[in-house]
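Accompanying notes for the structure given below.
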Amino acid sequence: MRDTTPLEVIDVAMARQLLLLDITAVGNRLVAVGEQGVILISDDQGESWRQAKVPSSVLLTAVQFVDEKVGWAVGHDGVALQTVDGGESWQVKLDGNQINQTRIHDLNSTIQQWDENRGNGDLSLEDLEYALEDAQYALEDGASVPLLDLWFTDRNTGYLAGAYGMFLQTRDGGKSWQSADHLLPNPDRFHLNAIHVTRNGELYLAGEAGSLFKRDGSGNWYQLDTGYEGSFFALQEGKDQLNVMGLRGHLFRSRDGEQWTQERLPTTSSINAGLSDAQGELILIGQGGLLLQQQNGTFGSLKAPTRTSFSSGVRVGQQLILVGEAGITRVQLSNNPQGERS
């Protein structure tokens, strides 16, 4: 990794104004991650924050908790961090050099067994050999590929996705990882920006150039067609449909995960994330302070105290706790008065 030095503790008031890219709720605790490896914790619904102990200072892009003790965060240089104490302290469990070595090993194995695995992932032998060459160059260049999202279904089973088609999986809680990007029909290695596992266990990946992939019941991957060729940044499940969203206000919805319909929105700003309530109504978060709330099937704008971009958010009671370019921002939902900076 380029930088695995422990993070020097930054003044919390300053830290919560840094670029933050993701936030999650685990029990009554909020955990946010972002620039300089900062991980912030709040136990009072976002009123006050403190820093966790982090062994790396690379930009962190995503965070998820399996339960109230075990969580993961990922970021640049292929860094994956794990906590087993609810986010108070973190340990490096994977880095870009290990990822490159894993890719080389797994691609070599796949190529050697090509006759048995012919057609897997719709990649040709030439594609696999090119991917192996690319992995060997990446090993020489060092740990540079960012991880962009993660999803753990339980303490053992997890997935990581990233730039240049990076995709990994673990079945033993991160003790070992398997490279799976060569199983995807993604020969151009488009960036993979989002992972989602639905309530019924269906696994989806979304990324640039309209990339949207689904894993079937046999474990094979195939590409879905929405008719859109721009980048997707997030997947969000509603009450009875799955939503994929991205550049220039594009939102597509599907009830069966196969056929997709575009939802016309009153914005051309890019959508970075979405939230849904128990009724399946969405709140969309994005560039330039974009906040759209769905009510009775119609989207309307919410007022925000900043025009800077939002990356992620959680709903806590009648307020949104948002993270983005301006750090942490609170927005009241009750009658939506002008939001309050945290």
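Scheme for the structure tokens: letters A, B, ... for chains in order shown; per-chain residue numbers from 1; ligand numbers from 1 in order shown.
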DSSP on the backbone, then: every residue of region 34-245 of chain A marked strand (DSSP E or B), written as an NGL selection string.
:A and (34 or 39-42 or 50-51 or 53 or 60-65 or 71-75 or 80-83 or 89 or 91-94 or 147-152 or 158-162 or 167-170 or 178-179 or 192-197 or 203-207 or 212-215 or 221-223 or 232-237 or 242-245)
Based on the selection just made, write C-alpha atoms of those residues as a PDB file, in the first residue's frame.
```
ATOM      1  CA  GLY A  34     -13.735   9.354   4.240  1.00  0.00           C
ATOM      2  CA  ILE A  39     -13.630   7.097  10.669  1.00  0.00           C
ATOM      3  CA  LEU A  40     -16.072   9.047  12.824  1.00  0.00           C
ATOM      4  CA  ILE A  41     -18.487   7.625  15.400  1.00  0.00           C
ATOM      5  CA  SER A  42     -21.607   9.146  16.952  1.00  0.00           C
ATOM      6  CA  ARG A  50     -15.346  11.160  17.895  1.00  0.00           C
ATOM      7  CA  GLN A  51     -12.598   9.456  15.898  1.00  0.00           C
ATOM      8  CA  LYS A  53      -8.440   4.248  15.864  1.00  0.00           C
ATOM      9  CA  LEU A  60     -12.054   5.351   2.621  1.00  0.00           C
ATOM     10  CA  THR A  61     -14.996   4.976   0.256  1.00  0.00           C
ATOM     11  CA  ALA A  62     -17.546   2.644   1.897  1.00  0.00           C
ATOM     12  CA  VAL A  63     -18.491   1.127   5.252  1.00  0.00           C
ATOM     13  CA  GLN A  64     -20.857  -1.641   6.332  1.00  0.00           C
ATOM     14  CA  PHE A  65     -21.592  -3.515   9.559  1.00  0.00           C
ATOM     15  CA  GLY A  71     -17.888  -4.164  10.405  1.00  0.00           C
ATOM     16  CA  TRP A  72     -15.801  -3.479   7.311  1.00  0.00           C
ATOM     17  CA  ALA A  73     -14.548  -0.370   5.513  1.00  0.00           C
ATOM     18  CA  VAL A  74     -12.804  -0.203   2.129  1.00  0.00           C
ATOM     19  CA  GLY A  75     -10.889   2.421   0.231  1.00  0.00           C
ATOM     20  CA  ALA A  80     -10.036  -3.338   3.493  1.00  0.00           C
ATOM     21  CA  LEU A  81     -10.350  -2.694   7.238  1.00  0.00           C
ATOM     22  CA  GLN A  82     -12.233  -4.756   9.805  1.00  0.00           C
ATOM     23  CA  THR A  83     -13.557  -3.896  13.248  1.00  0.00           C
ATOM     24  CA  SER A  89     -10.679   0.267  16.428  1.00  0.00           C
ATOM     25  CA  GLN A  91      -7.296  -3.530  11.489  1.00  0.00           C
ATOM     26  CA  VAL A  92      -6.029  -3.882   7.897  1.00  0.00           C
ATOM     27  CA  LYS A  93      -7.203  -7.244   6.533  1.00  0.00           C
ATOM     28  CA  LEU A  94      -6.439  -6.741   2.840  1.00  0.00           C
ATOM     29  CA  LEU A 147     -12.124  -0.403  -3.749  1.00  0.00           C
ATOM     30  CA  LEU A 148     -15.453   1.420  -4.112  1.00  0.00           C
ATOM     31  CA  ASP A 149     -18.092  -0.690  -2.380  1.00  0.00           C
ATOM     32  CA  LEU A 150     -18.658  -3.784  -0.249  1.00  0.00           C
ATOM     33  CA  TRP A 151     -21.434  -6.068   0.890  1.00  0.00           C
ATOM     34  CA  PHE A 152     -21.337  -8.714   3.622  1.00  0.00           C
ATOM     35  CA  GLY A 158     -18.643 -10.859   1.677  1.00  0.00           C
ATOM     36  CA  TYR A 159     -17.951  -9.103  -1.628  1.00  0.00           C
ATOM     37  CA  LEU A 160     -15.723  -6.170  -2.595  1.00  0.00           C
ATOM     38  CA  ALA A 161     -15.966  -4.154  -5.829  1.00  0.00           C
ATOM     39  CA  GLY A 162     -13.770  -1.458  -7.278  1.00  0.00           C
ATOM     40  CA  PHE A 167     -14.388  -7.883  -7.745  1.00  0.00           C
ATOM     41  CA  LEU A 168     -13.479 -10.173  -4.844  1.00  0.00           C
ATOM     42  CA  GLN A 169     -15.320 -12.522  -2.516  1.00  0.00           C
ATOM     43  CA  THR A 170     -14.660 -14.237   0.801  1.00  0.00           C
ATOM     44  CA  GLN A 178     -10.915 -15.072  -4.175  1.00  0.00           C
ATOM     45  CA  SER A 179     -10.671 -12.910  -7.280  1.00  0.00           C
ATOM     46  CA  LEU A 192     -17.820  -1.383 -10.480  1.00  0.00           C
ATOM     47  CA  ASN A 193     -19.319   1.278  -8.206  1.00  0.00           C
ATOM     48  CA  ALA A 194     -22.023  -0.532  -6.229  1.00  0.00           C
ATOM     49  CA  ILE A 195     -22.972  -3.954  -4.839  1.00  0.00           C
ATOM     50  CA  HIS A 196     -26.411  -4.957  -3.607  1.00  0.00           C
ATOM     51  CA  VAL A 197     -27.825  -8.196  -2.247  1.00  0.00           C
ATOM     52  CA  LEU A 203     -26.669 -10.320  -6.045  1.00  0.00           C
ATOM     53  CA  TYR A 204     -26.243  -7.274  -8.327  1.00  0.00           C
ATOM     54  CA  LEU A 205     -23.307  -5.117  -9.427  1.00  0.00           C
ATOM     55  CA  ALA A 206     -23.574  -1.685 -11.048  1.00  0.00           C
ATOM     56  CA  GLY A 207     -20.903   0.505 -12.612  1.00  0.00           C
ATOM     57  CA  LEU A 212     -25.430  -3.788 -14.525  1.00  0.00           C
ATOM     58  CA  PHE A 213     -24.795  -7.444 -13.679  1.00  0.00           C
ATOM     59  CA  LYS A 214     -26.807 -10.131 -11.898  1.00  0.00           C
ATOM     60  CA  ARG A 215     -25.771 -13.519 -10.557  1.00  0.00           C
ATOM     61  CA  TRP A 221     -23.159 -13.771 -14.040  1.00  0.00           C
ATOM     62  CA  TYR A 222     -25.011 -12.090 -16.878  1.00  0.00           C
ATOM     63  CA  GLN A 223     -25.525  -8.493 -17.968  1.00  0.00           C
ATOM     64  CA  PHE A 232     -24.502   3.940 -12.311  1.00  0.00           C
ATOM     65  CA  PHE A 233     -23.399   4.837  -8.779  1.00  0.00           C
ATOM     66  CA  ALA A 234     -25.851   3.097  -6.450  1.00  0.00           C
ATOM     67  CA  LEU A 235     -28.441   0.357  -6.010  1.00  0.00           C
ATOM     68  CA  GLN A 236     -31.296   0.703  -3.535  1.00  0.00           C
ATOM     69  CA  GLU A 237     -34.089  -1.732  -2.749  1.00  0.00           C
ATOM     70  CA  LEU A 242     -35.012  -2.502  -7.073  1.00  0.00           C
ATOM     71  CA  ASN A 243     -33.648   0.902  -8.095  1.00  0.00           C
ATOM     72  CA  VAL A 244     -30.395   1.711  -9.878  1.00  0.00           C
ATOM     73  CA  MET A 245     -29.280   5.335 -10.173  1.00  0.00           C
TER      74      MET A 245
END
```
At a cut-off of 12 Å, can you tabulate as JSON lines every residue of region 159-261 of chain A near region 294-304 of chain A together with its closest atom pair and the distance in Å to one decimal, using only C-alpha atoms and ordering rows by chain then number?
```
{"residue": "A:Gly238", "atom": "CA", "partner": "A:Gln294", "partner_atom": "CA", "distance": 11.4}
{"residue": "A:Gly249", "atom": "CA", "partner": "A:Phe299", "partner_atom": "CA", "distance": 12.0}
{"residue": "A:Leu251", "atom": "CA", "partner": "A:Phe299", "partner_atom": "CA", "distance": 11.7}
```
Next, the residues of the selection above should be written as a compact mmCIF listing (two decimals), in the first residue's frame with N, CA and C atoms.
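Produced file out.txt, reproduced below:
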```
# COMPACT_ATOMS: atom_id res chain seq x y z
N GLY A 238 -36.38 -0.99 -2.72
CA GLY A 238 -37.59 -0.44 -2.12
C GLY A 238 -38.47 -1.56 -1.61
N GLY A 249 -29.10 12.42 -13.23
CA GLY A 249 -30.45 12.20 -12.75
C GLY A 249 -31.14 10.96 -13.29
N LEU A 251 -32.59 7.36 -13.14
CA LEU A 251 -33.09 6.39 -12.18
C LEU A 251 -33.90 5.35 -12.92
```
Between CA of Gly313 (chain A) and CA of Asp172 (chain A), what is the distance, to one decimal in Å?
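Here the two named atoms are 29.4 Å from each other.
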Taking only C-alpha atoms into account, which of A:Ile111, A:Val145, A:Ala180, A:Val58 comes nearest Leu125 (chain A)?
A:Ile111
List as a list in words the protein and nucleic acid residues near Gly86 (chain A), meaning an atom at most 8 Å away when only C-alpha atoms are counted, but skip any in the same chain fewer than 4 places from it.
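So, after excluding close chain neighbours, the residues are Glu68, Lys69, Val70 and Gly71 of chain A.
Closest approach to Glu126 (chain A) among A:Val66, A:Leu107, A:Trp90, A:Leu265 is made by A:Leu107 (distances from only C-alpha atoms).
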Of the candidates A:Thr226, A:Gln318, A:Asn220, A:Ser176, which shows the shortest atom-to-atom distance to Thr157 (chain A), using only C-alpha atoms?
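When distances to Thr157 (chain A) are compared using only C-alpha atoms, the smallest one comes from A:Ser176.
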If DSSP is run on the backbone, what residues of region 162-335 of chain A are helix (DSSP H, G or I)? A reply as a ChimeraX atom specification would be ideal.
/A:163-165,181-183,247-249,287-289
Selected residues written out, C-alpha atoms, as a PDB file, in the first residue's frame:
```
ATOM      1  CA  ALA A 163     -12.175   0.356 -10.166  1.00  0.00           C
ATOM      2  CA  TYR A 164     -11.193  -1.407 -13.387  1.00  0.00           C
ATOM      3  CA  GLY A 165     -13.670  -4.216 -12.799  1.00  0.00           C
ATOM      4  CA  ASP A 181     -13.719 -10.270 -11.737  1.00  0.00           C
ATOM      5  CA  HIS A 182     -12.842 -12.828 -14.445  1.00  0.00           C
ATOM      6  CA  LEU A 183     -16.249 -14.445 -13.848  1.00  0.00           C
ATOM      7  CA  LEU A 247     -25.316  10.173 -13.870  1.00  0.00           C
ATOM      8  CA  ARG A 248     -27.448  13.153 -14.839  1.00  0.00           C
ATOM      9  CA  GLY A 249     -30.449  12.197 -12.746  1.00  0.00           C
ATOM     10  CA  GLN A 287     -24.382  16.337  -6.697  1.00  0.00           C
ATOM     11  CA  GLY A 288     -24.828  20.017  -5.949  1.00  0.00           C
ATOM     12  CA  GLY A 289     -26.807  19.404  -2.771  1.00  0.00           C
TER      13      GLY A 289
END
```
